[in-house]
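Chemist: One structure follows; several queries about it will come next.
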Amino acid sequence: MKTQEIADFLSADLAGDPNIEIVGLAALDTAVTGEIAFSESQSFFETKASAVLVSLEFNESVTCTVIKAASPKLAFTLIAPLIHIKKIEPSWHANADIADGADVRASFIGPFVTIGTDTIVGDSSEIHSGVRIGRNVIVGERTVIHPNSVVYDGTRIGSDCIIHAGTVIGSDGFGYVKDENGSHHQFPQIGSVVIEDNVEIGANCSIDRGSLGTTRIGEGTKIDNLVHIAHNVHIGKRVIIAGQSGIAGSSVIEDDVVIAGQVGISDHVTIRSGAVIGAKSAVFPNKIVRSGVWAGIPVQPLEEYARQNAGLKGLQKLKDDIKDIKKLQK
Amino acid sequence: MKTQEIADFLSADLAGDPNIEIVGLAALDTAVTGEIAFSESQSFFETKASAVLVSLEFNESVTCTVIKAASPKLAFTLIAPLIHIKKIEPSWHANADIADGADVRASFIGPFVTIGTDTIVGDSSEIHSGVRIGRNVIVGERTVIHPNSVVYDGTRIGSDCIIHAGTVIGSDGFGYVKDENGSHHQFPQIGSVVIEDNVEIGANCSIDRGSLGTTRIGEGTKIDNLVHIAHNVHIGKRVIIAGQSGIAGSSVIEDDVVIAGQVGISDHVTIRSGAVIGAKSAVFPNKIVRSGVWAGIPVQPLEEYARQNAGLKGLQKLKDDIKDIKKLQK
Amino acid sequence: MKTQEIADFLSADLAGDPNIEIVGLAALDTAVTGEIAFSESQSFFETKASAVLVSLEFNESVTCTVIKAASPKLAFTLIAPLIHIKKIEPSWHANADIADGADVRASFIGPFVTIGTDTIVGDSSEIHSGVRIGRNVIVGERTVIHPNSVVYDGTRIGSDCIIHAGTVIGSDGFGYVKDENGSHHQFPQIGSVVIEDNVEIGANCSIDRGSLGTTRIGEGTKIDNLVHIAHNVHIGKRVIIAGQSGIAGSSVIEDDVVIAGQVGISDHVTIRSGAVIGAKSAVFPNKIVRSGVWAGIPVQPLEEYARQNAGLKGLQKLKDDIKDIKKLQK
């Protein structure tokens, strides 16, 4: 891709050489000839990159070609798939077990893949080595499922999704009913999982099926590694969930929520649209968390959390004060 | 299954039509004709279910057939396996690698399964696609191991167990001895794992073998997703462990303990029978936790935890009080 | 191996029978004839072990052969690989998918393994059943990769490493850029992972590739189960990371750091060499944590953490004191 083609794709102004062939993406300080980088500051920089995406206000005289964008980082992100192509060559491996009753139109089927009967896999999808897809599953178009992931019977996955390696979708929810002897009997876990379009899920996650209803992950939501989503959880659109967080049964996460790493959301919680839940915090059962930034175990508004933490550091002084006061009273 | 057959199975009274064919289970509000639901309240309800399990005291006049049970939810759970049959058709896939020295009597072997030599798999067990079972393993009868789980050499798994996808059983424990140069040498991790009957383990869990002894999970214990059980841990019978909790080396969890989600139990801890450990809490090394409800980092009795949290909220008032007192003293 | 050979290997003194054949390792109290155990105390013990490693100061008269070592536990650890041999018989399974362009010199290739083109696997390595190794990967010598682990394209793994089952190395980092409509676009995740020699990684971990640069794990570092290492994290040499801990993007963990279980390290953190981070604690973004022992959310020096926790327990007394003071003032 030539520098001018990149500028045209972004509808952006270019200063410098419009004919450089760009073959790679890199950071400003490690880039080499033929690569494009980005800079979000207005300051001068030195780089070996052939081209750099800069902000509209950038006004320094640098040695490389520059392309101006309102958000250089966003522009860099948007052109990345055009330069670094992740899609692999179409091929179907002979040693895959695809049931006769399955309708598979994927562009790539790796070795040792299993696909069950009555399952549909859409055009241009990639099902990588060792993936297990059960019966009666639907996978949309251009969805990539990385090696050794497991999709249980009856799951629905949309188009343009990415599922990283080792992730399990559709396992039984964790619900038991105790009998008079204290033994636990599994409450029926016979619902399903629906994952909408453009969802990305990291490695080694687990997403349980609904018990009687559905576990749902909304369009454009992005989930990091080792995240646990329990039965009947409903996650809205464009939600961000960072690594090792977990959401317990029947909780609702509305659109555009951000959940940082190692957060615990208990069961039957509602997180309202626009809320940001800080790292390592916890929301206890049945709570409704409104928009705003939250932190702590259990969560409180960030300012209260900060004030409380500051107060804790002053505890020793409080004790000393009280000692002094008592002395004076005597 | 007909409504009367369900009533008979539960030794329960039926009011309405004894001859309706029940083909599915559902929630009261989403059920359709042919399905059975349950209601735990004594209030009137409207439903499209053909039959509903209700409490013994239920006295409302509803349009559907009702079956009375002491615990409608337990009754619903107990009849579920009769209506929604999870067992799959017996079949052995040709493309599985089963060692000559293995004694496998499973009813289902999926594609691309690996079973090592000197391993025994009992009658009516299901070993799903891509499962790896090492050498010298014993798996009991009617146990289901879901796709891509891994069972290391020497592991013992009982009958009527369910192991969900991606779970690893028998990996090395995490124990190292430092030499004079600060390098870590793995302490021998050559023990085994014993999982008793009727244990259920969620997706993507890890259960380490004992270093010199055994890691043990007792009969009827249920473990959620992404749970970590370290080497030489002993877990009793009917224990419940929710998602993303972890138990460090050599700890003992006695019978009937409940551990909520994202709990951390350090090494050499004993959790006494009947204790309930609240979500996101932690038990530090060598502690003994007696029966009762516990919460916090580190755990304290729930009432103390609640009082302390309330106290924290009052910290600012304490400070203000002290300021006032000082003024008066002047 | 005979007792005298063990003593010779350790350059240690032996008292008793130098010709006993040792065939196993065990704990002092469960050992049987033919096994060796160790005791770190100077007290007398009874055992059925044939030989016991004891401290240099040990002076009791016991019935078994004793071998004296400065650290009996370290000596026991060092002789373990000679007695309990973990390496398995060389064999290459016929049903593995190894690309023509791969250069594989492993001693063991299990069934249903996938290895991509331009990948090199060194001498005496073991690639177990169902492992997926992508294209352009390098795996060193004597490295063992356990079943169903996944190594993405472009990863470098050193020699003498052990990767336990279900672990994923090289998945995309979790980085998104929001556009004006609130949609998330994946920032390029096209860097790589470098794992140096003698690294051990537990089961079901996830280690992301760098976004533009590299995720690096230093020589001799040991990582427990279900650990999450994000993109561009740099981990030094001989670091210990216990179960279920997570390290967010671009953080630096220097040599000889110890991170206990369920710890959360946020992004852009530096943990200085020699620091010990206590279980269940958290380090917030951009912090620098110096050498010493740390605990809490967020972390503070252990003494401060302990003092604060003690202070919390005294909160009720503070309140009572203030009430008393006020009464007296009236």
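We name chains A, B, ... following the order of the structure tokens; residues begin at 1 in each chain, and ligands are numbered from 1 as shown.
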Env of Asn232 in chain B: 12 Å cut, atoms = only C-alpha atoms, seq-sep filter 5 positions within chain, self excluded. Answer as JSON, numbers by chain.

Modeler: {"B": [170, 172, 173, 174, 175, 189, 190, 191, 192, 193, 194, 207, 208, 209, 210, 211, 212, 213, 214, 215, 216, 217, 247, 248, 249, 250, 251, 252, 253, 267, 268, 269]}

Chemist: Taking 5 positions as the minimum chain separation for residues in the same chain, which residues sit within 12 Å of Lys48 in chain A when counting only C-alpha atoms? Answer as an mmCIF file with N, CA and C atoms, in the first residue's frame.

Modeler:
data_model
loop_
_atom_site.group_PDB
_atom_site.id
_atom_site.type_symbol
_atom_site.label_atom_id
_atom_site.label_comp_id
_atom_site.auth_asym_id
_atom_site.auth_seq_id
_atom_site.Cartn_x
_atom_site.Cartn_y
_atom_site.Cartn_z
ATOM 1 N N ALA A 26 4.645 -0.201 12.959
ATOM 2 C CA ALA A 26 5.594 -0.285 14.064
ATOM 3 C C ALA A 26 5.436 0.909 14.983
ATOM 4 N N ALA A 27 6.077 0.842 16.139
ATOM 5 C CA ALA A 27 6.143 1.990 17.038
ATOM 6 C C ALA A 27 7.175 2.966 16.502
ATOM 7 N N LEU A 28 6.998 4.230 16.861
ATOM 8 C CA LEU A 28 7.832 5.313 16.346
ATOM 9 C C LEU A 28 9.325 5.030 16.543
ATOM 10 N N ASP A 29 9.679 4.495 17.701
ATOM 11 C CA ASP A 29 11.101 4.363 18.046
ATOM 12 C C ASP A 29 11.737 3.074 17.539
ATOM 13 N N THR A 30 10.929 2.124 17.075
ATOM 14 C CA THR A 30 11.526 0.875 16.594
ATOM 15 C C THR A 30 11.271 0.657 15.102
ATOM 16 N N ALA A 31 10.527 1.558 14.482
ATOM 17 C CA ALA A 31 10.180 1.385 13.060
ATOM 18 C C ALA A 31 11.428 1.437 12.179
ATOM 19 N N VAL A 32 11.343 0.780 11.047
ATOM 20 C CA VAL A 32 12.420 0.831 10.051
ATOM 21 C C VAL A 32 11.825 1.253 8.695
ATOM 22 N N THR A 33 12.663 1.384 7.700
ATOM 23 C CA THR A 33 12.224 1.788 6.366
ATOM 24 C C THR A 33 11.114 0.863 5.854
ATOM 25 N N GLY A 34 10.094 1.453 5.275
ATOM 26 C CA GLY A 34 8.971 0.676 4.758
ATOM 27 C C GLY A 34 7.835 0.536 5.756
ATOM 28 N N GLU A 35 8.046 1.019 6.976
ATOM 29 C CA GLU A 35 7.002 0.909 8.009
ATOM 30 C C GLU A 35 6.340 2.258 8.286
ATOM 31 N N ILE A 36 5.118 2.181 8.765
ATOM 32 C CA ILE A 36 4.393 3.376 9.194
ATOM 33 C C ILE A 36 4.210 3.330 10.707
ATOM 34 N N ALA A 37 4.287 4.500 11.341
ATOM 35 C CA ALA A 37 4.095 4.595 12.788
ATOM 36 C C ALA A 37 3.090 5.709 13.068
ATOM 37 N N VAL A 62 9.816 17.199 9.932
ATOM 38 C CA VAL A 62 10.473 15.905 10.174
ATOM 39 C C VAL A 62 10.939 15.310 8.850
ATOM 40 N N THR A 63 11.811 14.317 8.948
ATOM 41 C CA THR A 63 12.447 13.786 7.729
ATOM 42 C C THR A 63 11.545 12.826 6.964
ATOM 43 N N CYS A 64 10.513 12.274 7.632
ATOM 44 C CA CYS A 64 9.678 11.288 6.956
ATOM 45 C C CYS A 64 8.397 11.923 6.412
ATOM 46 N N THR A 65 7.690 11.156 5.619
ATOM 47 C CA THR A 65 6.376 11.561 5.131
ATOM 48 C C THR A 65 5.386 11.555 6.296
#

Chemist: Using only C-alpha atoms, tabulate the residues of chain C lying at most 8 Å from any atom of chain A, each with its closest atom pair and that distance in Å to one decimal, by chain and increasing residue number, as JSON lines.

Modeler:
{"residue": "C:Asp97", "atom": "CA", "partner": "A:Pro111", "partner_atom": "CA", "distance": 7.0}
{"residue": "C:Phe112", "atom": "CA", "partner": "A:Phe112", "partner_atom": "CA", "distance": 6.6}
{"residue": "C:Thr114", "atom": "CA", "partner": "A:Ser129", "partner_atom": "CA", "distance": 7.2}
{"residue": "C:Gly130", "atom": "CA", "partner": "A:Gly130", "partner_atom": "CA", "distance": 7.1}
{"residue": "C:Arg132", "atom": "CA", "partner": "A:Pro147", "partner_atom": "CA", "distance": 6.9}
{"residue": "C:Asn148", "atom": "CA", "partner": "A:Asn148", "partner_atom": "CA", "distance": 6.9}
{"residue": "C:Val150", "atom": "CA", "partner": "A:Pro147", "partner_atom": "CA", "distance": 6.8}
{"residue": "C:Gly166", "atom": "CA", "partner": "A:Gly166", "partner_atom": "CA", "distance": 6.7}
{"residue": "C:Thr167", "atom": "CA", "partner": "A:Gly166", "partner_atom": "CA", "distance": 7.8}
{"residue": "C:Val168", "atom": "CA", "partner": "A:Ala165", "partner_atom": "CA", "distance": 6.5}
{"residue": "C:Ser171", "atom": "CA", "partner": "A:His164", "partner_atom": "CA", "distance": 6.6}
{"residue": "C:Asp172", "atom": "CA", "partner": "A:Gly202", "partner_atom": "CA", "distance": 7.5}
{"residue": "C:Phe174", "atom": "CA", "partner": "A:Asp224", "partner_atom": "CA", "distance": 6.0}
{"residue": "C:Val177", "atom": "CA", "partner": "A:Leu74", "partner_atom": "CA", "distance": 5.9}
{"residue": "C:Lys178", "atom": "CA", "partner": "A:Leu74", "partner_atom": "CA", "distance": 7.3}
{"residue": "C:Asp179", "atom": "CA", "partner": "A:Leu74", "partner_atom": "CA", "distance": 7.0}
{"residue": "C:Gly182", "atom": "CA", "partner": "A:Arg238", "partner_atom": "CA", "distance": 7.4}
{"residue": "C:Ser183", "atom": "CA", "partner": "A:Arg238", "partner_atom": "CA", "distance": 6.3}
{"residue": "C:His184", "atom": "CA", "partner": "A:Arg238", "partner_atom": "CA", "distance": 7.0}
{"residue": "C:His185", "atom": "CA", "partner": "A:Thr77", "partner_atom": "CA", "distance": 6.8}
{"residue": "C:Gln186", "atom": "CA", "partner": "A:Thr77", "partner_atom": "CA", "distance": 6.7}
{"residue": "C:Phe187", "atom": "CA", "partner": "A:Thr77", "partner_atom": "CA", "distance": 5.0}
{"residue": "C:Pro188", "atom": "CA", "partner": "A:Ala80", "partner_atom": "CA", "distance": 6.1}
{"residue": "C:Ile190", "atom": "CA", "partner": "A:His84", "partner_atom": "CA", "distance": 7.9}
{"residue": "C:Asn204", "atom": "CA", "partner": "A:Asn204", "partner_atom": "CA", "distance": 6.6}
{"residue": "C:Cys205", "atom": "CA", "partner": "A:Asn204", "partner_atom": "CA", "distance": 7.5}
{"residue": "C:Ser206", "atom": "CA", "partner": "A:Ala203", "partner_atom": "CA", "distance": 6.2}
{"residue": "C:Leu212", "atom": "CA", "partner": "A:Ala26", "partner_atom": "CA", "distance": 5.7}
{"residue": "C:Gly213", "atom": "CA", "partner": "A:Ala27", "partner_atom": "CA", "distance": 7.8}
{"residue": "C:Leu226", "atom": "CA", "partner": "A:Leu226", "partner_atom": "CA", "distance": 7.5}
{"residue": "C:His228", "atom": "CA", "partner": "A:Asn225", "partner_atom": "CA", "distance": 7.0}
{"residue": "C:Gly246", "atom": "CA", "partner": "A:Gln244", "partner_atom": "CA", "distance": 7.4}
{"residue": "C:Gly264", "atom": "CA", "partner": "A:Gln262", "partner_atom": "CA", "distance": 7.0}
{"residue": "C:Ser266", "atom": "CA", "partner": "A:Ala279", "partner_atom": "CA", "distance": 8.0}
{"residue": "C:Ala282", "atom": "CA", "partner": "A:Lys280", "partner_atom": "CA", "distance": 7.2}
{"residue": "C:Gln308", "atom": "CA", "partner": "A:Leu312", "partner_atom": "CA", "distance": 6.9}
{"residue": "C:Gly311", "atom": "CA", "partner": "A:Leu315", "partner_atom": "CA", "distance": 6.6}
{"residue": "C:Leu318", "atom": "CA", "partner": "A:Lys319", "partner_atom": "CA", "distance": 7.0}
{"residue": "C:Asp321", "atom": "CA", "partner": "A:Ile322", "partner_atom": "CA", "distance": 7.5}
{"residue": "C:Ile322", "atom": "CA", "partner": "A:Ile322", "partner_atom": "CA", "distance": 7.4}
{"residue": "C:Ile325", "atom": "CA", "partner": "A:Lys326", "partner_atom": "CA", "distance": 7.2}
{"residue": "C:Leu328", "atom": "CA", "partner": "A:Gln329", "partner_atom": "CA", "distance": 8.0}

Chemist: In Å to one decimal, how far is CA of Cys161 in chain A from CA of Ala70 in chain A?

Modeler: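 About the pair CA of Ala70 in chain A and CA of Cys161 in chain A: they are 27.7 Å apart.
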
Chemist: Tell me, as a ChimeraX atom specification, which residues lie within 7 Å of Leu14 in chain A, counting only C-alpha atoms; anything in the same chain fewer than 4 positions away does not count.

Modeler: /A:7,66-68

Chemist: Write a file of the just-selected residues containing N, CA and C atoms, as a PDB file, in the first residue's frame.

Modeler:
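What ended up in part06.pdb:
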ATOM      1  N   ALA A   7      -3.402   7.758   2.762  1.00  0.00           N
ATOM      2  CA  ALA A   7      -4.004   9.079   2.982  1.00  0.00           C
ATOM      3  C   ALA A   7      -5.411   9.124   2.382  1.00  0.00           C
ATOM      4  N   VAL A  66       4.514  12.544   6.370  1.00  0.00           N
ATOM      5  CA  VAL A  66       3.500  12.548   7.429  1.00  0.00           C
ATOM      6  C   VAL A  66       2.102  12.604   6.823  1.00  0.00           C
ATOM      7  N   ILE A  67       1.173  11.932   7.517  1.00  0.00           N
ATOM      8  CA  ILE A  67      -0.239  11.947   7.127  1.00  0.00           C
ATOM      9  C   ILE A  67      -1.005  12.434   8.348  1.00  0.00           C
ATOM     10  N   LYS A  68      -1.843  13.456   8.157  1.00  0.00           N
ATOM     11  CA  LYS A  68      -2.501  14.087   9.298  1.00  0.00           C
ATOM     12  C   LYS A  68      -3.889  13.499   9.567  1.00  0.00           C
TER      13      LYS A  68
END

Chemist: Any idea what's packed within 7 Å of Gly134 in chain C, counting only C-alpha atoms, ignoring anything in its chain fewer than 5 positions away? Could you give it as a list of chain:residue names?

Modeler: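 Selected residues are C:Ile115, C:Gly116, C:Val151, C:Tyr152, C:Asp153.
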
Chemist: Quick one: pick out all strand (DSSP E or B) residues within range 19-197 of chain B from a backbone DSSP run and write them as a PyMOL selection string.

Modeler: chain B and resi 21+24-25+35-38+51-55+65-69+91-92+97-98+103-104+108-109+114-115+120-121+126-127+132-133+138-139+144-145+150-151+156-157+162-163+168-171+176-178+184-186+192-195

Chemist: Near Ala295 in chain A, counting only C-alpha atoms, which residues have an atom at most 7 Å away, once you skip same-chain residues fewer than 4 positions from it, shown as a PyMOL selection string?

Modeler: chain A and resi 277-278+281+299-302+305

Chemist: Among range 37-240 of chain C, which ones does DSSP place in helix (DSSP H, G or I), written as a ChimeraX atom specification?

Modeler: /C:72-83

Chemist: Write the residues you've just listed into a file as a tab-separated table (two decimals), in the first residue's frame, and include N, CA, C and O atoms for each of them.

Modeler:
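File produced: part33.tsv:
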chain	number	residue	atom	x	y	z
C	72	PRO	N	18.61	-30.55	53.07
C	72	PRO	CA	18.05	-31.86	52.68
C	72	PRO	C	16.94	-31.73	51.63
C	72	PRO	O	16.84	-32.56	50.73
C	73	LYS	N	16.13	-30.65	51.72
C	73	LYS	CA	15.03	-30.49	50.77
C	73	LYS	C	15.56	-30.20	49.37
C	73	LYS	O	15.06	-30.74	48.37
C	74	LEU	N	16.60	-29.34	49.29
C	74	LEU	CA	17.21	-29.05	47.99
C	74	LEU	C	17.87	-30.31	47.42
C	74	LEU	O	17.73	-30.62	46.23
C	75	ALA	N	18.55	-31.06	48.28
C	75	ALA	CA	19.20	-32.29	47.82
C	75	ALA	C	18.16	-33.28	47.28
C	75	ALA	O	18.35	-33.89	46.22
C	76	PHE	N	17.06	-33.41	48.01
C	76	PHE	CA	15.95	-34.29	47.60
C	76	PHE	C	15.44	-33.86	46.22
C	76	PHE	O	15.18	-34.69	45.34
C	77	THR	N	15.31	-32.54	46.04
C	77	THR	CA	14.82	-31.99	44.78
C	77	THR	C	15.80	-32.27	43.64
C	77	THR	O	15.40	-32.62	42.53
C	78	LEU	N	17.10	-32.14	43.94
C	78	LEU	CA	18.10	-32.30	42.88
C	78	LEU	C	18.26	-33.75	42.44
C	78	LEU	O	18.57	-34.02	41.28
C	79	ILE	N	18.05	-34.70	43.36
C	79	ILE	CA	18.18	-36.11	42.96
C	79	ILE	C	16.90	-36.65	42.34
C	79	ILE	O	16.92	-37.69	41.69
C	80	ALA	N	15.79	-35.93	42.53
C	80	ALA	CA	14.50	-36.46	42.07
C	80	ALA	C	14.49	-36.85	40.59
C	80	ALA	O	14.03	-37.93	40.23
C	81	PRO	N	15.02	-35.99	39.69
C	81	PRO	CA	14.95	-36.34	38.26
C	81	PRO	C	15.75	-37.59	37.91
C	81	PRO	O	15.52	-38.21	36.87
C	82	LEU	N	16.71	-37.96	38.79
C	82	LEU	CA	17.52	-39.16	38.52
C	82	LEU	C	16.77	-40.42	38.90
C	82	LEU	O	17.03	-41.50	38.39
C	83	ILE	N	15.84	-40.30	39.84
C	83	ILE	CA	15.12	-41.48	40.35
C	83	ILE	C	13.75	-41.61	39.68
C	83	ILE	O	13.35	-42.68	39.27

Chemist: Have a look at CA of Ser149 in chain A and CA of Ser149 in chain C and let me know their distance in Å, one decimal.

Modeler: 10.9 Å

Chemist: Near Asp160 in chain C, within 10 Å and counting only C-alpha atoms, which residues show up once chain neighbours fewer than 5 positions away are dropped, as a list in words?

Modeler: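 Final neighbour list, sorted by chain and number: Ser124, Ser125, Val139, Gly140, Glu141, Arg142, Thr143, Val144, Glu196, Asp197, Asn198, Val199, Glu200 and Gly220 of chain C.
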
Chemist: Would you save the residues of that selection, restricted to C-alpha atoms, as an mmCIF file, in the first residue's frame?

Modeler:
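Generated output (part.cif):
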data_model
loop_
_atom_site.group_PDB
_atom_site.id
_atom_site.type_symbol
_atom_site.label_atom_id
_atom_site.label_comp_id
_atom_site.auth_asym_id
_atom_site.auth_seq_id
_atom_site.Cartn_x
_atom_site.Cartn_y
_atom_site.Cartn_z
ATOM 1 C CA SER C 124 14.756 -34.039 22.630
ATOM 2 C CA SER C 125 11.641 -31.890 22.888
ATOM 3 C CA VAL C 139 10.928 -24.220 20.321
ATOM 4 C CA GLY C 140 14.306 -25.027 21.894
ATOM 5 C CA GLU C 141 15.789 -28.333 23.036
ATOM 6 C CA ARG C 142 14.415 -30.598 25.768
ATOM 7 C CA THR C 143 11.300 -28.462 26.058
ATOM 8 C CA VAL C 144 8.075 -30.281 26.980
ATOM 9 C CA GLU C 196 13.666 -17.738 27.519
ATOM 10 C CA ASP C 197 15.284 -20.979 28.700
ATOM 11 C CA ASN C 198 14.240 -22.987 31.722
ATOM 12 C CA VAL C 199 10.841 -21.328 32.094
ATOM 13 C CA GLU C 200 7.932 -23.376 33.480
ATOM 14 C CA GLY C 220 14.318 -19.524 34.980
#

Chemist: Quick one: everything within 10 Å of Pro90 in chain A, counting only C-alpha atoms, minus sequence neighbours fewer than 6 positions away in the same chain. Send it as a VMD selection string.

Modeler: chain A and resid 106 to 109 124 to 126
